[in-house]
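Below is run.txt, holding compact mmCIF, C-alpha atoms.
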# COMPACT_ATOMS: atom_id res chain seq x y z
CA MET E 153 8.24 6.49 43.66
CA ARG E 154 7.72 2.74 43.21
CA THR E 155 7.92 1.00 39.86
CA ASP E 156 6.50 -2.51 39.66
CA LEU E 157 7.09 -5.14 37.06
CA LEU E 158 3.98 -5.80 35.02
CA ARG E 159 2.05 -9.00 35.01
CA LEU E 160 1.21 -9.01 31.32
CA ASP E 161 1.32 -12.00 29.04
CA ARG E 162 2.35 -11.90 25.36
CA THR E 163 -1.25 -11.80 24.15
CA THR E 164 -1.99 -8.66 26.14
CA LEU E 165 1.16 -6.99 24.88
CA ARG E 166 0.42 -7.89 21.26
CA GLU E 167 -3.11 -6.52 21.53
CA ALA E 168 -1.78 -3.30 23.06
CA ARG E 169 0.66 -2.88 20.16
CA GLU E 170 -2.21 -3.06 17.69
CA ILE E 171 -3.93 0.05 19.10
CA ARG E 172 -3.61 2.91 16.62
CA PRO E 173 -1.27 5.77 17.64
CA VAL E 174 -2.81 9.10 18.50
CA SER E 175 -1.92 12.29 16.67
CA ALA E 176 1.66 13.51 17.11
CA ARG E 177 2.30 16.00 19.90
CA LEU E 178 5.41 17.66 21.34
CA PHE E 179 6.15 17.72 25.08
CA GLY E 180 8.40 20.16 26.91
CA ALA E 181 10.89 19.81 29.77
CA ASP E 182 8.13 19.60 32.39
CA ASP E 183 7.03 16.26 30.98
CA MET E 184 9.92 14.26 32.42
CA THR E 185 9.25 10.66 33.35
CA HIS E 186 11.29 9.28 36.28
CA LEU E 187 12.04 5.58 36.55
CA PRO E 188 14.15 3.73 39.14
CA ARG E 189 17.06 1.74 37.83
CA GLU E 190 16.19 -1.74 39.04
CA HIS E 191 13.94 -4.41 37.48
CA GLY E 192 16.08 -5.09 34.46
CA LEU E 193 15.84 -1.86 32.51
CA PRO E 194 17.85 -1.88 29.27
CA LEU E 195 21.42 -0.60 29.51
CA LEU E 196 21.21 3.17 29.02
CA GLU E 197 23.68 5.99 28.47
CA VAL E 198 23.20 9.74 28.93
CA GLY E 199 22.20 11.32 25.63
CA GLN E 200 20.99 8.04 24.16
CA GLU E 201 17.67 8.00 22.31
CA ILE E 202 15.33 5.06 22.71
CA GLY E 203 11.95 4.12 21.31
CA ALA E 204 9.05 3.41 23.65
CA LEU E 205 5.45 2.30 23.38
CA VAL E 206 2.62 3.22 25.76
CA VAL E 207 1.17 -0.25 26.33
CA GLU E 208 -1.57 0.55 28.85
CA GLU E 209 -3.19 3.32 30.91
CA LEU E 210 -3.68 2.27 34.53
CA ALA E 211 -6.58 3.17 36.80
CA ASP E 212 -4.40 5.35 39.04
CA GLY E 213 -3.40 7.54 36.10
CA ARG E 214 -0.01 5.92 35.58
CA ILE E 215 1.01 4.26 32.32
CA VAL E 216 2.79 1.11 31.24
CA LEU E 217 5.79 1.61 28.94
CA ASP E 218 7.57 -0.92 26.78
CA LEU E 219 11.22 0.21 26.74
CA ASP E 220 13.10 -1.95 24.29
CA GLY E 221 11.30 -5.05 25.57
CA SER E 222 11.30 -4.09 29.28
CA LEU E 223 7.84 -3.39 30.71
CA VAL E 224 7.68 -0.75 33.46
CA GLU E 225 5.19 1.55 35.11
CA ALA E 226 5.72 5.31 35.01
CA ASN E 227 3.96 8.56 35.78
CA ASN E 228 2.02 9.98 32.85
CA PRO E 229 3.50 13.42 32.09
CA GLY E 230 0.23 14.33 30.40
CA GLY E 231 -1.36 13.61 27.06
CA LEU E 232 -0.07 10.06 26.63
CA SER E 233 -2.47 7.26 25.81
CA ALA E 234 -2.33 3.55 25.06
CA GLY E 235 -0.87 2.69 21.68
CA GLN E 236 1.20 5.86 21.32
CA ALA E 237 4.79 5.48 20.13
CA LEU E 238 7.37 7.82 21.66
CA ARG E 239 10.97 8.87 21.18
CA LEU E 240 12.81 9.33 24.51
CA ARG E 241 16.21 10.80 25.38
CA VAL E 242 18.19 9.68 28.44
CA ASP E 243 18.95 12.86 30.42
CA LEU E 244 20.19 11.29 33.70
CA ILE E 245 21.32 7.91 34.96
CA GLU E 246 21.99 8.81 38.64
CA PRO E 247 20.44 9.11 41.15
CA GLN E 248 17.55 7.85 39.03
CA VAL E 249 16.91 7.36 35.37
CA THR E 250 15.32 10.42 33.77
CA LEU E 251 13.81 10.05 30.32
CA HIS E 252 12.75 13.11 28.37
CA ILE E 253 10.05 12.83 25.75
CA ILE E 254 11.55 14.56 22.72
CA GLU E 255 8.73 13.77 20.30
CA PRO E 256 6.29 10.98 19.55
CA GLU E 257 7.19 8.84 16.57
CA PRO E 258 4.88 9.69 13.66
CA ALA E 259 2.15 7.18 13.03
CA LEU E 260 2.47 5.14 9.85
CA GLU E 261 -0.88 6.51 8.69
CA ASP E 262 0.36 10.10 9.06
CA GLU E 263 3.63 9.35 7.26
CA ALA E 264 1.86 7.63 4.36
CA ALA E 265 -0.68 10.44 4.01
CA LYS E 266 2.13 13.03 4.14
CA PHE E 267 3.99 11.18 1.39
CA LEU E 268 0.90 11.14 -0.80
CA ARG E 269 0.32 14.86 -0.33
CA GLN E 270 3.92 15.56 -1.35
CA HIS E 271 3.86 13.19 -4.33
CA LEU E 272 0.38 13.52 -5.76
CA PRO E 273 0.10 11.12 -8.70
CA GLY E 274 -1.38 12.08 -12.04
CA LEU E 275 -4.43 10.50 -13.60
CA ALA E 276 -3.96 6.86 -14.53
CA ALA E 277 -4.19 7.77 -18.21
CA GLU E 278 -1.36 10.30 -17.78
CA GLN E 279 1.07 8.02 -15.92
CA GLU E 280 4.06 6.47 -17.65
CA SER E 281 2.93 3.11 -19.04
CA LEU E 282 5.15 0.06 -18.95
CA ALA E 283 4.99 -0.06 -22.73
CA GLY E 284 6.27 3.53 -22.84
CA LEU E 285 9.02 2.65 -20.37
CA GLN E 286 10.01 -0.34 -22.50
CA ALA E 287 10.30 1.82 -25.62
CA LYS E 288 12.42 4.47 -23.90
CA ILE E 289 14.92 2.19 -22.19
CA GLY E 290 15.19 0.23 -25.42
CA THR E 291 17.20 3.12 -26.86
CA VAL E 292 20.02 2.48 -24.37
CA ASN E 293 22.53 -0.25 -25.29
CA LEU E 294 25.62 -1.75 -23.70
CA LEU E 295 27.94 0.44 -25.77
CA ASP E 296 26.62 3.47 -23.88
CA ALA E 297 28.25 2.27 -20.64
CA THR E 298 31.48 4.13 -19.91
CA HIS E 299 32.03 3.62 -16.17
CA ALA E 300 30.08 0.50 -15.27
CA SER E 301 28.00 -2.25 -16.82
CA LEU E 302 24.28 -2.04 -17.54
CA VAL E 303 23.39 -5.50 -16.25
CA ARG E 304 20.34 -4.37 -14.26
CA LEU E 305 19.06 -2.35 -17.20
CA GLU E 306 19.31 -5.40 -19.48
CA LYS E 307 17.45 -7.51 -16.91
CA LEU E 308 14.76 -4.82 -16.73
CA LYS E 309 14.41 -5.00 -20.53
CA HIS E 310 13.97 -8.79 -20.36
CA PHE E 311 11.43 -8.46 -17.52
CA LEU E 312 9.31 -6.02 -19.53
CA ALA E 313 9.65 -8.04 -22.73
CA ASP E 314 8.42 -11.19 -20.95
CA LEU E 315 5.49 -9.24 -19.51
CA LEU E 316 4.46 -7.14 -22.50
CA ASN E 317 5.27 -9.41 -25.43
CA SER E 318 2.82 -12.04 -24.27
CA LYS E 319 -0.48 -11.68 -26.12
CA GLU E 320 -2.21 -14.35 -24.06
CA PRO E 321 -5.31 -13.39 -22.02
CA LEU E 322 -4.65 -12.41 -18.43
CA ASP E 323 -5.35 -15.52 -16.36
CA ALA E 324 -5.17 -16.06 -12.60
CA ALA E 325 -1.59 -17.35 -12.65
CA ARG E 326 -0.24 -14.37 -14.61
CA LEU E 327 -2.17 -11.96 -12.40
CA MET E 328 -0.69 -13.56 -9.26
CA ARG E 329 2.82 -13.28 -10.70
CA TRP E 330 2.26 -9.62 -11.48
CA VAL E 331 0.92 -8.86 -8.00
CA ARG E 332 3.89 -10.69 -6.45
CA ASP E 333 6.64 -9.30 -8.68
CA GLY E 334 5.20 -5.97 -9.83
CA GLY E 335 7.15 -3.99 -7.19
CA LEU E 336 4.49 -3.36 -4.56
CA HIS E 337 5.82 -6.07 -2.23
CA TYR E 338 9.55 -5.69 -2.88
CA GLU E 339 10.58 -4.64 0.64
CA ALA E 340 8.26 -7.20 2.23
CA LYS E 341 9.83 -9.96 0.13
CA LEU E 342 13.32 -8.83 1.14
CA LEU E 343 12.39 -8.80 4.84
CA ARG E 344 10.92 -12.29 4.63
CA ALA E 345 13.97 -13.58 2.78
CA VAL E 346 16.34 -12.08 5.38
CA MET E 347 14.41 -13.82 8.14
CA GLU E 348 13.74 -17.15 6.43
CA ASN E 349 16.03 -17.70 3.45
CA PRO E 350 18.78 -15.11 2.78
CA GLU E 351 19.93 -17.08 -0.28
CA ARG E 352 16.82 -15.80 -2.11
CA LEU E 353 17.86 -12.13 -1.96
CA ALA E 354 19.64 -12.24 -5.32
CA GLU E 355 16.71 -14.07 -6.92
CA ILE E 356 14.27 -11.42 -5.66
CA ALA E 357 16.47 -8.64 -7.02
CA ASP E 358 16.45 -10.29 -10.45
CA HIS E 359 12.68 -10.84 -10.69
CA ASP E 360 11.01 -7.85 -9.05
CA LEU E 361 10.07 -4.72 -11.02
CA LYS E 362 11.04 -2.23 -8.29
CA ALA E 363 14.38 -3.92 -7.69
CA LEU E 364 15.18 -3.80 -11.40
CA LEU E 365 14.08 -0.16 -11.69
CA LEU E 366 16.30 0.85 -8.76
CA GLY E 367 19.24 -1.08 -10.17
CA ALA E 368 18.80 0.32 -13.67
CA LEU E 369 18.49 3.86 -12.29
CA GLY E 370 21.74 3.46 -10.39
CA GLU E 371 23.52 2.21 -13.51
CA LEU E 372 22.28 5.10 -15.67
CA GLU E 373 23.35 7.63 -13.04
CA THR E 374 26.77 5.99 -12.63
CA ASN E 375 27.29 6.16 -16.39
CA ARG E 376 25.95 9.74 -16.50
CA LEU E 377 23.21 8.74 -18.93
CA SER E 378 20.25 11.09 -18.67
CA GLY E 379 17.29 11.97 -20.85
CA ALA E 380 14.10 10.05 -21.61
CA PRO E 381 15.19 6.59 -20.34
CA LEU E 382 16.24 7.89 -16.92
CA ASN E 383 13.16 10.11 -16.62
CA ALA E 384 10.88 7.19 -17.51
CA ILE E 385 12.43 5.02 -14.79
CA VAL E 386 12.13 7.81 -12.20
CA SER E 387 8.48 8.30 -13.17
CA GLN E 388 7.73 4.59 -12.89
CA LEU E 389 9.41 4.41 -9.47
CA GLY E 390 7.37 7.39 -8.30
CA ASP E 391 4.14 5.71 -9.37
CA LEU E 392 5.14 2.49 -7.63
CA GLU E 393 6.02 4.14 -4.33
CA THR E 394 2.80 6.14 -4.40
CA ARG E 395 0.80 2.92 -4.78
CA GLN E 396 2.80 1.39 -1.95
CA ALA E 397 1.80 4.30 0.31
CA VAL E 398 -1.84 3.97 -0.78
CA ASN E 399 -1.89 0.28 0.03
CA LEU E 400 -0.15 0.82 3.35
CA LEU E 401 -3.03 3.11 4.29
CA ALA E 402 -5.42 0.47 2.97
CA GLN E 403 -4.04 -2.08 5.44
CA LEU E 404 -3.93 0.36 8.38
CA GLU E 405 -7.30 2.04 7.88
CA GLY E 406 -9.40 -0.45 5.93
CA HIS E 407 -9.33 1.25 2.53
CA ALA E 408 -9.58 -0.61 -0.75
CA TYR E 409 -6.37 -2.19 -2.02
CA GLN E 410 -5.32 -0.72 -5.39
CA LEU E 411 -3.47 -2.26 -8.32
CA GLN E 412 -2.34 -1.08 -11.74
CA ILE E 413 -2.40 -4.02 -14.16
CA PRO E 414 -0.99 -3.98 -17.71
CA LEU E 415 -3.82 -5.41 -19.81
CA PHE E 416 -3.49 -6.51 -23.44
CA THR E 417 -6.47 -5.68 -25.66
CA ALA E 418 -7.12 -5.46 -29.39
CA TRP E 419 -5.79 -1.89 -29.24
CA GLY E 420 -2.54 -2.82 -27.45
CA PHE E 421 -1.58 -2.57 -23.79
CA SER E 422 -3.59 -0.39 -21.43
CA ASN E 423 -3.33 0.28 -17.70
CA LEU E 424 -6.21 -1.28 -15.82
CA ALA E 425 -6.76 0.34 -12.43
CA LEU E 426 -8.31 -2.06 -9.95
CA SER E 427 -9.41 -1.65 -6.34
CA VAL E 428 -10.39 -4.54 -4.07
CA GLU E 429 -12.24 -3.93 -0.83
CA ARG E 430 -13.26 -6.68 1.56
CA ASP E 431 -16.87 -6.62 2.70
CA GLY E 432 -17.52 -8.96 5.61
CA VAL E 433 -20.97 -7.66 6.49
CA ASP E 434 -24.08 -9.72 5.89
CA ASP E 435 -27.41 -8.45 4.54
CA ARG E 436 -28.49 -7.36 8.04
CA GLY E 437 -25.36 -5.28 8.59
CA ARG E 438 -23.66 -7.75 10.91
CA ALA E 439 -20.11 -9.06 10.61
CA ASP E 440 -20.29 -12.57 9.21
CA ASP E 441 -17.36 -14.50 7.76
CA SER E 442 -19.68 -16.82 5.85
CA ALA E 443 -21.21 -13.80 4.10
CA GLN E 444 -17.85 -12.21 3.30
CA GLY E 445 -17.65 -10.63 -0.11
CA TYR E 446 -15.54 -8.24 -2.13
CA ASN E 447 -16.30 -4.93 -3.77
CA LEU E 448 -14.29 -4.55 -6.98
CA LEU E 449 -13.86 -1.39 -9.03
CA PHE E 450 -12.24 -1.39 -12.48
CA LEU E 451 -11.18 1.72 -14.36
CA LEU E 452 -10.12 1.41 -17.98
CA GLU E 453 -9.50 3.89 -20.79
CA LEU E 454 -9.79 2.28 -24.24
CA GLU E 455 -9.12 4.24 -27.41
CA ASP E 456 -12.07 2.95 -29.47
CA PHE E 457 -14.37 2.08 -26.59
CA GLY E 458 -14.35 5.17 -24.40
CA ARG E 459 -14.07 5.65 -20.67
CA THR E 460 -15.18 2.52 -18.84
CA ARG E 461 -15.95 2.04 -15.16
CA ILE E 462 -16.94 -1.37 -13.78
CA ASP E 463 -18.59 -1.82 -10.37
CA ALA E 464 -18.59 -5.48 -9.30
CA ARG E 465 -19.72 -7.19 -6.12
CA LEU E 466 -18.62 -10.77 -5.43
CA LYS E 467 -20.28 -12.55 -2.51
CA GLY E 468 -19.51 -16.21 -2.24
CA ARG E 469 -20.15 -17.51 -5.75
CA ASN E 470 -22.66 -14.79 -6.64
CA LEU E 471 -21.50 -11.96 -8.88
CA ARG E 472 -23.15 -8.65 -9.74
CA VAL E 473 -21.50 -6.41 -12.35
CA ILE E 474 -22.50 -2.98 -13.65
CA PHE E 475 -20.63 -1.49 -16.62
CA TYR E 476 -20.68 2.31 -16.79
CA VAL E 477 -19.58 3.32 -20.29
CA GLU E 478 -19.20 6.72 -21.90
CA ARG E 479 -20.24 5.85 -25.48
CA GLU E 480 -23.66 4.64 -26.57
CA ASP E 481 -22.27 2.31 -29.25
CA SER E 482 -20.08 0.66 -26.61
CA ILE E 483 -23.14 0.07 -24.41
CA ARG E 484 -24.89 -1.62 -27.36
CA LEU E 485 -21.83 -3.82 -27.96
CA LEU E 486 -21.73 -4.83 -24.30
CA THR E 487 -25.44 -5.62 -24.31
CA ARG E 488 -24.99 -7.95 -27.28
CA GLU E 489 -22.12 -9.78 -25.57
CA MET E 490 -23.67 -10.08 -22.10
CA SER E 491 -25.13 -13.54 -22.65
CA SER E 492 -21.76 -14.92 -23.73
CA LEU E 493 -19.99 -13.20 -20.81
CA ARG E 494 -22.52 -14.60 -18.36
CA GLU E 495 -22.01 -18.12 -19.67
CA THR E 496 -18.23 -17.73 -19.37
CA LEU E 497 -18.50 -16.58 -15.76
CA LEU E 498 -20.85 -19.44 -14.89
CA ALA E 499 -18.39 -21.90 -16.43
CA LEU E 500 -15.65 -20.43 -14.22
CA GLY E 501 -17.62 -21.38 -11.10
CA CYS E 502 -20.07 -18.55 -10.44
CA ARG E 503 -23.49 -19.69 -9.26
CA GLU E 504 -25.46 -16.55 -10.05
CA VAL E 505 -24.39 -13.75 -12.41
CA LEU E 506 -26.16 -10.42 -12.91
CA ILE E 507 -24.70 -8.08 -15.56
CA SER E 508 -25.92 -4.73 -16.83
CA ALA E 509 -24.54 -1.81 -18.86
CA GLN E 510 -25.47 1.83 -18.22
CA PRO E 511 -24.29 5.25 -19.43
CA LEU E 512 -21.41 6.72 -17.44
CA ARG E 513 -23.62 9.67 -16.45
CA ALA E 514 -26.02 7.25 -14.72
CA MET E 515 -23.43 6.26 -12.10
CA PRO E 516 -24.78 6.90 -8.57
CA ARG E 517 -23.36 10.00 -6.96
CA GLU E 518 -21.93 8.09 -3.99
CA GLN E 519 -19.85 5.88 -6.30
CA ARG E 520 -18.17 8.71 -8.20
CA PRO E 521 -15.62 9.70 -5.51
CA LYS E 522 -14.42 6.10 -5.33
CA PHE E 523 -13.68 5.98 -9.05
CA GLU E 524 -12.13 9.45 -8.96
CA ALA E 525 -9.81 8.31 -6.17
CA LEU E 526 -8.92 5.19 -8.14
CA ALA E 527 -8.13 7.31 -11.21
CA LEU E 528 -5.78 9.45 -9.10
CA GLY E 529 -4.37 6.48 -7.22
CA VAL E 530 -5.25 7.80 -3.75
CA PRO E 531 -7.54 6.58 -0.93
CA PRO E 532 -11.13 7.83 -1.32
CA ASP E 533 -11.12 9.86 1.91
CA LEU E 534 -7.56 11.24 1.81
CA GLN E 535 -7.49 14.95 2.64
CA LEU E 536 -5.07 16.32 0.03
CA LEU E 537 -4.74 19.66 1.81
CA ASN E 538 -3.41 19.78 5.36
CA VAL E 539 -3.61 23.55 5.89
CA LYS E 540 -6.47 25.80 6.93
CA VAL E 541 -7.30 28.96 5.02

Output the file's structure as structure tokens, nothing else.
Amino acid sequence: MRTDLLRLDRTTLREAREIRPVSARLFGADDMTHLPREHGLPLLEVGQEIGALVVEELADGRIVLDLDGSLVEANNPGGLSAGQALRLRVDLIEPQVTLHIIEPEPALEDEAAKFLRQHLPGLAAEQESLAGLQAKIGTVNLLDATHASLVRLEKLKHFLADLLNSKEPLDAARLMRWVRDGGLHYEAKLLRAVMENPERLAEIADHDLKALLLGALGELETNRLSGAPLNAIVSQLGDLETRQAVNLLAQLEGHAYQLQIPLFTAWGFSNLALSVERDGVDDRGRADDSAQGYNLLFLLELEDFGRTRIDARLKGRNLRVIFYVEREDSIRLLTREMSSLRETLLALGCREVLISAQPLRAMPREQRPKFEALALGVPPDLQLLNVKV
């Protein structure tokens, strides 16, 4: 059997990598793939496991594999398609290399969905608030440390105090800092620092919520301190990692990106749930960058205002906002303040602003699942059950 080197440039390879993996499937011993040893294959040993990517399906039924950077042709043992990631085991080196498909690597989408099914979050109103976390860890002091210091816990206290003790309105700069340092991008920041500026690793660990939570959790466990403070940190970490999985799916499958934002109001701090979905389709249903807009959903529970859902559409400098509010007196209050709100938005740069307030029961049926998903912190089309009855 002949194996030829491929004539693929980097652009072709990159495009092939971006094809979504197919569903996972197991292959038995009959699905061996035989490759000759020449043409610069990576150094292999019997029993070694190696990752591979199906780059292309050829017209003659063969496939192109990327083996640790080496591109080769091989027979398709059946069921493999372009974009599929595989895990291979080296069974033989002589007289020819024999690679056994042991199992395809799970797609990121499948792993994220599996994580969400196993760690279903509670309603946003039931999740541990940052204010609640601050109160609980505030009961732990340095004198409680018996085996190690509580440096990370003290830094977590300062982080929360700086965030929650500010009574200033949430402006764009503070929102950007929260999105950057609120824990959702912790691993991405570490990876970038390792590649570009390793000296920043310590700085990231000192100014990122997830890093501080992990550090504080380790210190409490080392000092055998349990109870409400430890449980609050574990709960907050669980919420963070759930939102990370949700937003990973958002990037892979085009869902709305979700955020939980601590918002100061006259009644104290509340969790504002926000989803942002890009809409690059023009009025005729065609993709058009110049017509790109954003669909924004806000979910807020206020003690003296009632359940509030906000459906906003931003297209260029034009803004349309519909408030769906549970209480009639809150609708009347919003109606009185609409003129002032419209003027504020126009002063901020909007060209056209349309605002209305309606009862929560008047929300269109097709919008309700989106808000329900946002309240749970899951993608709107996630199948929570993966079994058949």

For atom CA of Pro321 of chain E and atom CA of Phe523 of chain E, quote the distance in Å rounded to one decimal.
->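 Between these atoms lies a distance of 24.8 Å.
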
Can you list, as an mmCIF file with C-alpha atoms, in the frame of the given file, every protein, DNA or RNA residue that comes within 12 Å of Asp212 of chain E when you count all atoms listed in the file, leaving out same-chain residues fewer than 5 positions away?
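Written out: out.cif:
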data_model
loop_
_atom_site.group_PDB
_atom_site.id
_atom_site.type_symbol
_atom_site.label_atom_id
_atom_site.label_comp_id
_atom_site.auth_asym_id
_atom_site.auth_seq_id
_atom_site.Cartn_x
_atom_site.Cartn_y
_atom_site.Cartn_z
ATOM 1 C CA GLU E 225 5.190 1.550 35.110
ATOM 2 C CA ALA E 226 5.720 5.310 35.010
ATOM 3 C CA ASN E 227 3.960 8.560 35.780
ATOM 4 C CA ASN E 228 2.020 9.980 32.850
#

Between E:Leu451, E:Ala204, E:Leu232, E:Leu336, which is the closest to Asp218 of chain E once you count all atoms listed in the file?
->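 Ranked by minimum distance to Asp218 of chain E, first place goes to E:Ala204.
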
Distance of atom CA of Leu240 of chain E from atom CA of Met347 of chain E, expressed in Å to one decimal place |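 If I compute the distance from atom CA of Met347 of chain E to atom CA of Leu240 of chain E, I get 28.4 Å.
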
Take atom CA of Ile507 of chain E and atom CA of Arg494 of chain E and report the distance between them in Å, one decimal.
->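 Going from atom CA of Ile507 of chain E over to atom CA of Arg494 of chain E, I get 7.4 Å.
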
Rank nothing, just name the residue among E:Ile413, E:Ile385, E:Glu351, E:Leu366 nearest to Arg332 of chain E, using all atoms listed in the file.
->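 For Arg332 of chain E, the nearest of the candidates is E:Ile413.
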
Return the single residue from E:Asp296, E:Ser378, E:Leu372, E:Phe311 that is closest to Asp360 of chain E, with distances computed using all atoms listed in the file.
->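 Closest to Asp360 of chain E, using all atoms listed in the file: E:Phe311.
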
Show me as a VMD selection string the residues that reach within 9 Å of (-22.2, 4.0, -10.6), counting all atoms listed in the file and using the file's own coordinates.
-> chain E and resid 461 to 463 474 to 476 510 512 to 520 523

In file coordinates, which residues lie within 7 Å of (29.4, 4.2, -11.0) using all atoms listed in the file, given as a PyMOL selection string?
-> chain E and resi 299-300+371+374-375

Pick from E:Ala464, E:Val216, E:Leu282, E:Val198, whichever lies nearest to Val242 of chain E using only C-alpha atoms =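 Residue with the minimum atom-to-atom distance to Val242 of chain E: E:Val198.
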
With distances taken over all atoms listed in the file, which of E:Gly501, E:Gly284, E:Gly335, E:Pro381 is nearest to Leu364 of chain E?
->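 Ranked by minimum distance to Leu364 of chain E, first place goes to E:Gly335.
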
Looking at E:Gly230, E:Gly367, E:Pro247, E:Pro350, which one is nearest to Arg304 of chain E, with distances taken over all atoms listed in the file?
->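 Looking only at the distances to Arg304 of chain E, the closest residue turns out to be E:Gly367.
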
Near Leu315 of chain E, within 12 Å and counting all atoms listed in the file, which residues show up once chain neighbours fewer than 4 positions away are dropped, as a PyMOL selection string?
-> chain E and resi 282-283+286+308-311+319-322+326-327+329-330+333-334+359-361+413-416+421

Keeping only C-alpha atoms, write those residues as a PDB file, keeping the file's coordinate frame.
ATOM      1  CA  LEU E 282       5.150   0.060 -18.950  1.00  0.00           C
ATOM      2  CA  ALA E 283       4.990  -0.060 -22.730  1.00  0.00           C
ATOM      3  CA  GLN E 286      10.010  -0.340 -22.500  1.00  0.00           C
ATOM      4  CA  LEU E 308      14.760  -4.820 -16.730  1.00  0.00           C
ATOM      5  CA  LYS E 309      14.410  -5.000 -20.530  1.00  0.00           C
ATOM      6  CA  HIS E 310      13.970  -8.790 -20.360  1.00  0.00           C
ATOM      7  CA  PHE E 311      11.430  -8.460 -17.520  1.00  0.00           C
ATOM      8  CA  LYS E 319      -0.480 -11.680 -26.120  1.00  0.00           C
ATOM      9  CA  GLU E 320      -2.210 -14.350 -24.060  1.00  0.00           C
ATOM     10  CA  PRO E 321      -5.310 -13.390 -22.020  1.00  0.00           C
ATOM     11  CA  LEU E 322      -4.650 -12.410 -18.430  1.00  0.00           C
ATOM     12  CA  ARG E 326      -0.240 -14.370 -14.610  1.00  0.00           C
ATOM     13  CA  LEU E 327      -2.170 -11.960 -12.400  1.00  0.00           C
ATOM     14  CA  ARG E 329       2.820 -13.280 -10.700  1.00  0.00           C
ATOM     15  CA  TRP E 330       2.260  -9.620 -11.480  1.00  0.00           C
ATOM     16  CA  ASP E 333       6.640  -9.300  -8.680  1.00  0.00           C
ATOM     17  CA  GLY E 334       5.200  -5.970  -9.830  1.00  0.00           C
ATOM     18  CA  HIS E 359      12.680 -10.840 -10.690  1.00  0.00           C
ATOM     19  CA  ASP E 360      11.010  -7.850  -9.050  1.00  0.00           C
ATOM     20  CA  LEU E 361      10.070  -4.720 -11.020  1.00  0.00           C
ATOM     21  CA  ILE E 413      -2.400  -4.020 -14.160  1.00  0.00           C
ATOM     22  CA  PRO E 414      -0.990  -3.980 -17.710  1.00  0.00           C
ATOM     23  CA  LEU E 415      -3.820  -5.410 -19.810  1.00  0.00           C
ATOM     24  CA  PHE E 416      -3.490  -6.510 -23.440  1.00  0.00           C
ATOM     25  CA  PHE E 421      -1.580  -2.570 -23.790  1.00  0.00           C
TER      26      PHE E 421
END
